[in-house]
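coords_22.cif follows; it contains mmCIF, C-alpha atoms.
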```cif
data_structure
loop_
_atom_site.label_atom_id
_atom_site.label_comp_id
_atom_site.auth_asym_id
_atom_site.auth_seq_id
_atom_site.Cartn_x
_atom_site.Cartn_y
_atom_site.Cartn_z
CA MET A 17 78.35 114.31 86.00
CA ILE A 18 81.47 113.88 88.12
CA GLY A 19 79.36 113.93 91.29
CA ALA A 20 77.04 111.28 89.86
CA SER A 21 80.04 109.18 88.88
CA LEU A 22 81.40 109.41 92.42
CA TYR A 23 78.16 107.97 93.73
CA PHE A 24 77.43 105.25 91.18
CA LEU A 25 81.03 104.24 90.43
CA GLN A 26 82.54 104.62 93.88
CA GLU A 27 83.21 100.90 94.25
CA LYS A 28 85.26 101.00 91.05
CA ILE A 29 87.16 104.00 92.43
CA LEU A 30 87.71 102.61 95.94
CA PHE A 31 88.36 98.96 95.11
CA LEU A 32 90.70 97.78 92.37
CA PRO A 33 90.59 93.99 92.52
CA THR A 34 92.17 91.61 90.08
CA THR A 35 90.69 88.13 89.75
CA LEU A 36 92.29 84.72 89.61
CA ALA A 37 91.04 81.43 88.18
CA GLN A 38 89.86 79.08 90.91
CA ASP A 39 92.57 76.59 89.92
CA TYR A 40 95.36 79.18 89.92
CA GLN A 41 98.43 77.77 91.68
CA TYR A 42 100.26 80.12 94.07
CA ASP A 43 104.05 79.96 94.10
CA PHE A 44 105.83 81.40 97.15
CA ARG A 45 109.25 80.93 98.73
CA TYR A 46 107.90 79.78 102.10
CA PRO A 47 105.60 76.88 103.06
CA PHE A 48 101.93 77.84 103.04
CA GLU A 49 98.43 76.47 103.19
CA GLU A 50 95.69 77.75 100.88
CA LEU A 51 92.25 78.07 102.44
CA PHE A 52 88.69 78.74 101.31
CA LEU A 53 86.52 80.06 104.15
CA ASN A 54 82.74 80.21 103.81
CA THR A 55 82.18 83.27 105.97
CA ALA A 56 78.52 83.76 105.03
CA GLU A 57 75.94 82.48 102.58
CA ASN A 58 77.25 82.83 99.01
CA VAL A 59 80.59 84.12 100.31
CA SER A 60 83.89 82.29 99.86
CA ILE A 61 87.08 83.94 101.11
CA ASN A 62 90.41 82.74 99.76
CA ALA A 63 93.34 83.01 102.15
CA ILE A 64 97.01 82.08 102.42
CA HIS A 65 98.48 80.88 105.71
CA PHE A 66 102.27 80.94 105.81
CA LYS A 67 103.79 78.74 108.50
CA THR A 68 107.29 78.73 109.95
CA GLU A 69 109.05 76.59 112.52
CA ASN A 70 108.86 78.02 116.03
CA PRO A 71 107.17 81.31 115.00
CA LYS A 72 107.25 84.36 117.25
CA GLY A 73 103.53 84.72 116.59
CA VAL A 74 101.15 85.27 113.70
CA ILE A 75 100.43 88.37 111.65
CA LEU A 76 96.85 88.73 110.44
CA TYR A 77 97.38 90.96 107.40
CA PHE A 78 94.74 93.12 105.65
CA HIS A 79 95.99 94.38 102.32
CA GLY A 80 95.44 97.46 100.19
CA ASN A 81 92.79 98.18 97.58
CA ALA A 82 94.49 96.75 94.49
CA GLY A 83 95.61 93.33 93.33
CA ASP A 84 95.13 89.89 94.83
CA LEU A 85 96.95 87.26 96.88
CA SER A 86 99.40 86.44 94.10
CA ARG A 87 100.87 89.90 94.79
CA TRP A 88 100.11 90.34 98.48
CA GLY A 89 101.44 86.92 99.36
CA ILE A 90 104.86 87.99 98.08
CA ILE A 91 104.65 91.11 100.25
CA GLY A 92 103.63 88.97 103.21
CA GLU A 93 106.77 86.88 102.79
CA HIS A 94 108.78 89.77 104.24
CA PHE A 95 107.16 89.08 107.62
CA VAL A 96 107.68 85.33 107.26
CA SER A 97 111.39 86.12 106.89
CA LEU A 98 111.16 87.78 110.33
CA ASN A 99 110.02 84.42 111.74
CA TYR A 100 106.28 85.08 111.92
CA ASP A 101 103.45 83.00 110.59
CA VAL A 102 101.31 85.16 108.30
CA PHE A 103 97.61 84.87 107.44
CA ILE A 104 96.40 86.98 104.49
CA MET A 105 92.88 86.97 103.07
CA ASP A 106 91.58 88.33 99.78
CA TYR A 107 88.50 90.54 100.11
CA ARG A 108 85.27 89.65 98.33
CA THR A 109 85.64 89.91 94.51
CA TYR A 110 89.46 89.87 94.83
CA GLY A 111 91.48 86.96 93.48
CA LYS A 112 89.52 83.76 94.07
CA SER A 113 87.25 85.25 96.75
CA LYS A 114 83.55 85.56 96.00
CA GLY A 115 80.66 87.52 97.48
CA LYS A 116 78.94 90.87 97.31
CA LEU A 117 81.03 93.85 98.33
CA SER A 118 79.83 95.86 101.31
CA GLU A 119 81.52 97.62 104.19
CA GLN A 120 79.85 95.30 106.69
CA GLY A 121 81.05 92.39 104.60
CA PHE A 122 84.65 93.52 105.07
CA TYR A 123 84.15 93.57 108.84
CA ASP A 124 82.29 90.26 108.97
CA ASP A 125 84.94 88.45 106.92
CA ALA A 126 87.72 89.94 109.07
CA GLU A 127 85.95 88.72 112.22
CA TYR A 128 85.64 85.25 110.75
CA CYS A 129 89.35 85.18 109.91
CA TYR A 130 90.27 86.42 113.37
CA ASN A 131 88.24 83.65 114.97
CA TYR A 132 89.85 81.14 112.62
CA VAL A 133 93.33 82.30 113.67
CA LEU A 134 92.26 82.14 117.33
CA GLN A 135 91.71 78.41 116.88
CA HIS A 136 95.42 77.99 116.16
CA TYR A 137 97.13 80.71 118.25
CA SER A 138 96.63 82.39 121.59
CA GLU A 139 95.36 85.96 121.32
CA GLU A 140 98.53 87.33 122.91
CA ASP A 141 100.45 86.03 119.88
CA ILE A 142 98.27 87.72 117.25
CA VAL A 143 99.48 90.88 115.51
CA ILE A 144 96.90 92.69 113.36
CA TYR A 145 98.48 94.49 110.42
CA GLY A 146 96.61 96.79 108.02
CA ARG A 147 97.95 98.44 104.90
CA SER A 148 96.20 101.37 103.18
CA LEU A 149 92.54 100.32 102.68
CA GLY A 150 93.15 97.47 105.10
CA THR A 151 94.00 99.83 107.96
CA GLY A 152 90.30 100.57 108.45
CA VAL A 153 89.49 96.87 108.63
CA ALA A 154 92.45 96.23 110.96
CA SER A 155 91.43 99.10 113.26
CA TYR A 156 87.87 97.79 113.43
CA LEU A 157 89.07 94.33 114.35
CA ALA A 158 91.54 95.53 116.98
CA SER A 159 88.81 97.65 118.59
CA ASN A 160 86.74 94.50 119.19
CA HIS A 161 89.52 92.23 120.45
CA GLU A 162 92.73 92.25 122.44
CA PRO A 163 95.55 91.20 120.12
CA LYS A 164 99.23 91.62 120.96
CA GLN A 165 99.46 94.77 118.85
CA LEU A 166 98.08 96.72 115.89
CA ILE A 167 100.34 97.91 113.05
CA LEU A 168 99.01 100.37 110.47
CA GLU A 169 100.92 101.17 107.28
CA THR A 170 99.74 104.33 105.45
CA PRO A 171 96.54 104.66 107.51
CA TYR A 172 93.73 107.19 107.09
CA TYR A 173 91.43 109.07 109.47
CA SER A 174 88.45 107.84 107.45
CA ILE A 175 87.60 107.20 103.82
CA LEU A 176 85.49 110.35 104.00
CA ASP A 177 88.54 112.36 105.04
CA VAL A 178 90.54 111.02 102.07
CA ALA A 179 87.64 111.67 99.68
CA LYS A 180 87.30 115.26 100.89
CA HIS A 181 90.97 115.80 100.15
CA ARG A 182 90.71 114.28 96.69
CA PHE A 183 87.35 115.79 95.68
CA PRO A 184 87.13 119.04 97.69
CA ILE A 185 84.39 120.70 95.60
CA PHE A 186 81.85 117.87 95.94
CA PRO A 187 79.52 116.98 98.86
CA VAL A 188 81.28 113.64 99.31
CA LYS A 189 79.71 113.00 102.71
CA SER A 190 76.29 112.61 101.11
CA LEU A 191 77.69 110.62 98.17
CA LEU A 192 79.82 108.01 99.92
CA ARG A 193 78.36 104.62 100.80
CA TYR A 194 81.61 103.49 102.41
CA GLU A 195 83.03 105.14 105.52
CA PHE A 196 85.69 102.94 107.17
CA PRO A 197 85.82 105.34 110.14
CA SER A 198 89.22 104.41 111.56
CA ASN A 199 88.98 107.53 113.74
CA GLU A 200 86.09 105.93 115.63
CA PHE A 201 87.59 102.44 115.88
CA ILE A 202 91.05 103.55 117.02
CA ARG A 203 89.67 105.16 120.17
CA ALA A 204 88.59 101.75 121.48
CA VAL A 205 91.85 99.90 120.76
CA ARG A 206 93.49 98.61 123.94
CA CYS A 207 96.74 97.18 122.57
CA PRO A 208 99.95 98.94 121.43
CA ILE A 209 99.52 100.74 118.11
CA THR A 210 102.28 101.55 115.62
CA MET A 211 101.60 103.74 112.56
CA PHE A 212 103.93 104.20 109.59
CA HIS A 213 103.32 106.93 107.02
CA GLY A 214 105.35 108.63 104.30
CA THR A 215 105.47 112.41 103.95
CA ASP A 216 105.09 112.22 100.15
CA ASP A 217 102.08 109.91 100.04
CA ALA A 218 99.91 111.03 97.11
CA VAL A 219 97.13 108.49 97.79
CA ILE A 220 96.43 108.91 101.51
CA PRO A 221 97.65 112.31 102.74
CA TYR A 222 100.18 112.34 105.55
CA SER A 223 97.84 114.80 107.28
CA SER A 224 95.08 112.17 107.40
CA ALA A 225 97.36 109.80 109.28
CA GLN A 226 98.33 112.60 111.65
CA LYS A 227 94.65 113.22 112.38
CA LEU A 228 94.21 109.55 113.16
CA GLN A 229 97.16 109.68 115.54
CA SER A 230 95.59 112.66 117.31
CA VAL A 231 92.53 110.62 118.36
CA ALA A 232 94.34 107.34 119.09
CA PRO A 233 95.11 106.40 122.71
CA ASN A 234 98.19 108.51 123.33
CA GLU A 235 99.91 106.17 125.77
CA LEU A 236 99.56 103.22 123.37
CA THR A 237 100.44 104.88 120.06
CA THR A 238 103.76 105.27 118.26
CA PHE A 239 103.78 107.26 115.00
CA ILE A 240 106.77 106.76 112.70
CA THR A 241 107.26 109.29 109.92
CA ILE A 242 109.04 108.06 106.79
CA GLU A 243 110.54 111.18 105.24
CA GLY A 244 110.24 111.27 101.45
CA ALA A 245 108.27 108.02 101.21
CA GLY A 246 105.22 107.68 98.99
CA HIS A 247 102.31 105.28 99.30
CA ASN A 248 103.80 102.02 98.05
CA ASN A 249 107.51 102.24 98.78
CA LEU A 250 107.90 102.38 102.56
CA ILE A 251 109.82 99.12 102.52
CA SER A 252 112.57 100.88 100.56
CA PHE A 253 113.34 103.12 103.54
CA GLU A 254 115.62 102.06 106.37
CA ASN A 255 113.58 103.61 109.17
CA TYR A 256 110.52 101.59 108.08
CA LYS A 257 112.52 98.35 107.98
CA GLU A 258 114.16 99.12 111.31
CA GLY A 259 110.81 100.12 112.81
CA ILE A 260 109.14 96.87 111.73
CA ILE A 261 111.99 94.80 113.11
CA ASP A 262 111.77 96.70 116.38
CA VAL A 263 108.01 96.28 116.90
CA LEU A 264 108.12 92.60 115.91
CA LYS A 265 111.21 91.66 117.92
#
```
Let me see whether you can do it: turn the structure in this file into structure tokens.
Amino acid sequence: MIGASLYFLQEKILFLPTTLAQDYQYDFRYPFEELFLNTAENVSINAIHFKTENPKGVILYFHGNAGDLSRWGIIGEHFVSLNYDVFIMDYRTYGKSKGKLSEQGFYDDAEYCYNYVLQHYSEEDIVIYGRSLGTGVASYLASNHEPKQLILETPYYSILDVAKHRFPIFPVKSLLRYEFPSNEFIRAVRCPITMFHGTDDAVIPYSSAQKLQSVAPNELTTFITIEGAGHNNLISFENYKEGIIDVLK
């Protein structure tokens, strides 16, 4: 029964969206533009574009598996405070975004957003940032383009690797419909890569991030260990905050 649940309910296990009314009004500390992008037929992606005066560049941010832009926009404001423009999209079924969930859909929508950002910034000013679930999407995107850099917060080797850790007695490889093989994408990345991971992460094992580091281009990759950090509290640790400031300086 548990195995059957893993197969038929895996989207409810992997993705934890919250929805927002289409007329919901965002309220953030920094100036922003709200966008609706029609990335495919019957797909509407809601996004927030924070804009600052004389930005150092733009961060294209792919968020984790829970919540919506009303939460992730607040998190994105941290990077606005570092004098970066920030572009954050909600995945299909999250917040105000609409469309059928699929792994390819994640990639297609990310590509569309990247091309949208390219209309407003030069590629050398684009930083791709992925957090948790979003690290797979960010790695995919960076493998197909040449942004300034790729930043991964609590990344994984692959969703399969995380699932094996969480459900070791089940044949998860044959059950999973989603792969997000960051281990394959990262090999093709040609820009500097910075990974942050906490040693006490109970969601994505620290060991999974270490495996990802092992297959990343060695000369391009910096791995920063946050001792004692869990999955959602890296920003509480000084070496994360100092590391982010350093890579975005």
When you count all atoms listed in the file, which of these residues is closest to A:Pro71: A:Glu49, A:Glu127, A:Asp141, A:Asp43? A:Asp141
Using only C-alpha atoms, which of the listed residues (A:Asp106, A:Glu93, A:Asp39, A:Glu27) sits closest to A:Arg193?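 Once distances to A:Arg193 are computed over only C-alpha atoms, the minimum belongs to A:Glu27.
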Find the residues around A:Ile167 up to 12 Å (all atoms listed in the file counted), leave out those fewer than 2 positions away in its own chain, and share them as JSON, numbers by chain. {"A": [75, 76, 77, 78, 142, 143, 144, 145, 146, 147, 148, 150, 151, 152, 153, 154, 155, 157, 158, 163, 164, 165, 169, 170, 171, 202, 205, 207, 208, 209, 210, 211, 212, 213, 236, 237, 238, 239, 240, 256, 259, 260, 262, 263, 264]}
Find the distance between atom CA of A:Lys180 and atom CA of A:Glu195 and write it in Å to one decimal.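 Computing it gives 11.9 Å between the two atoms.
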Quick one: distance from atom CA of A:Gly244 to atom CA of A:Tyr222 in Å, one decimal?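 Distance between the two atoms: 10.9 Å.
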To verify the selection step, state as a PyMOL selection string which residues the PyMOL selection byres ((chain A and resi 84) around 10) yields on this input. chain A and resi 32-36+62+79-83+85-89+105-107+109-113
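Atom pair atom CA of A:Val133 / atom CA of A:Val74: separated by 8.4 Å.
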Return as a VMD selection string the set of residues that the PyMOL selection byres ((chain A and resi 58) around 9) yields on the displayed structure. chain A and resid 54 to 57 59 to 60 114 to 116
Go through the shown structure with the PyMOL selection byres ((chain A and resi 174) around 9) and write out the matching residues as a PyMOL selection string. chain A and resi 152+171-173+175-179+195-200+224+228
Can I get the selection written as an mmCIF file, in the coordinates of the input, with C-alpha atoms?
```
data_model
loop_
_atom_site.group_PDB
_atom_site.id
_atom_site.type_symbol
_atom_site.label_atom_id
_atom_site.label_comp_id
_atom_site.auth_asym_id
_atom_site.auth_seq_id
_atom_site.Cartn_x
_atom_site.Cartn_y
_atom_site.Cartn_z
ATOM 1 C CA GLY A 152 90.300 100.570 108.450
ATOM 2 C CA PRO A 171 96.540 104.660 107.510
ATOM 3 C CA TYR A 172 93.730 107.190 107.090
ATOM 4 C CA TYR A 173 91.430 109.070 109.470
ATOM 5 C CA ILE A 175 87.600 107.200 103.820
ATOM 6 C CA LEU A 176 85.490 110.350 104.000
ATOM 7 C CA ASP A 177 88.540 112.360 105.040
ATOM 8 C CA VAL A 178 90.540 111.020 102.070
ATOM 9 C CA ALA A 179 87.640 111.670 99.680
ATOM 10 C CA GLU A 195 83.030 105.140 105.520
ATOM 11 C CA PHE A 196 85.690 102.940 107.170
ATOM 12 C CA PRO A 197 85.820 105.340 110.140
ATOM 13 C CA SER A 198 89.220 104.410 111.560
ATOM 14 C CA ASN A 199 88.980 107.530 113.740
ATOM 15 C CA GLU A 200 86.090 105.930 115.630
ATOM 16 C CA SER A 224 95.080 112.170 107.400
ATOM 17 C CA LEU A 228 94.210 109.550 113.160
#
```
With distances taken over all atoms listed in the file, which of A:His65, A:Lys227, A:Arg206, A:His94 is nearest to A:Cys129?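 For A:Cys129, the nearest of the given residues is A:His65.
In this comparison, which uses only C-alpha atoms, the residue of A:Leu117, A:Ala37, A:Ile261, A:Ala245 approaching A:Leu98 most closely is A:Ile261.
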With only C-alpha atoms as the atoms that count, which of A:His136, A:Lys67, A:Arg203, A:Arg108 lies nearest to A:Phe52?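 Using only C-alpha atoms, the shortest distance to A:Phe52 belongs to A:Arg108.
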Mind listing whatever residues come within 7 Å of the point (90.4, 78.7, 99.9)? Use all atoms listed in the file, file coordinates, and give them as a list in words. Glu50, Leu51, Phe52, Leu53, Ile61, Asn62 and Ala63 of chain A
Could you please take those selected residues and save C-alpha atoms as a CSV table (one decimal), keeping the file's coordinate frame?
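This is the output file part31.csv:
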```csv
chain,number,residue,atom,x,y,z
A,50,GLU,CA,95.7,77.8,100.9
A,51,LEU,CA,92.2,78.1,102.4
A,52,PHE,CA,88.7,78.7,101.3
A,53,LEU,CA,86.5,80.1,104.2
A,61,ILE,CA,87.1,83.9,101.1
A,62,ASN,CA,90.4,82.7,99.8
A,63,ALA,CA,93.3,83.0,102.2
```
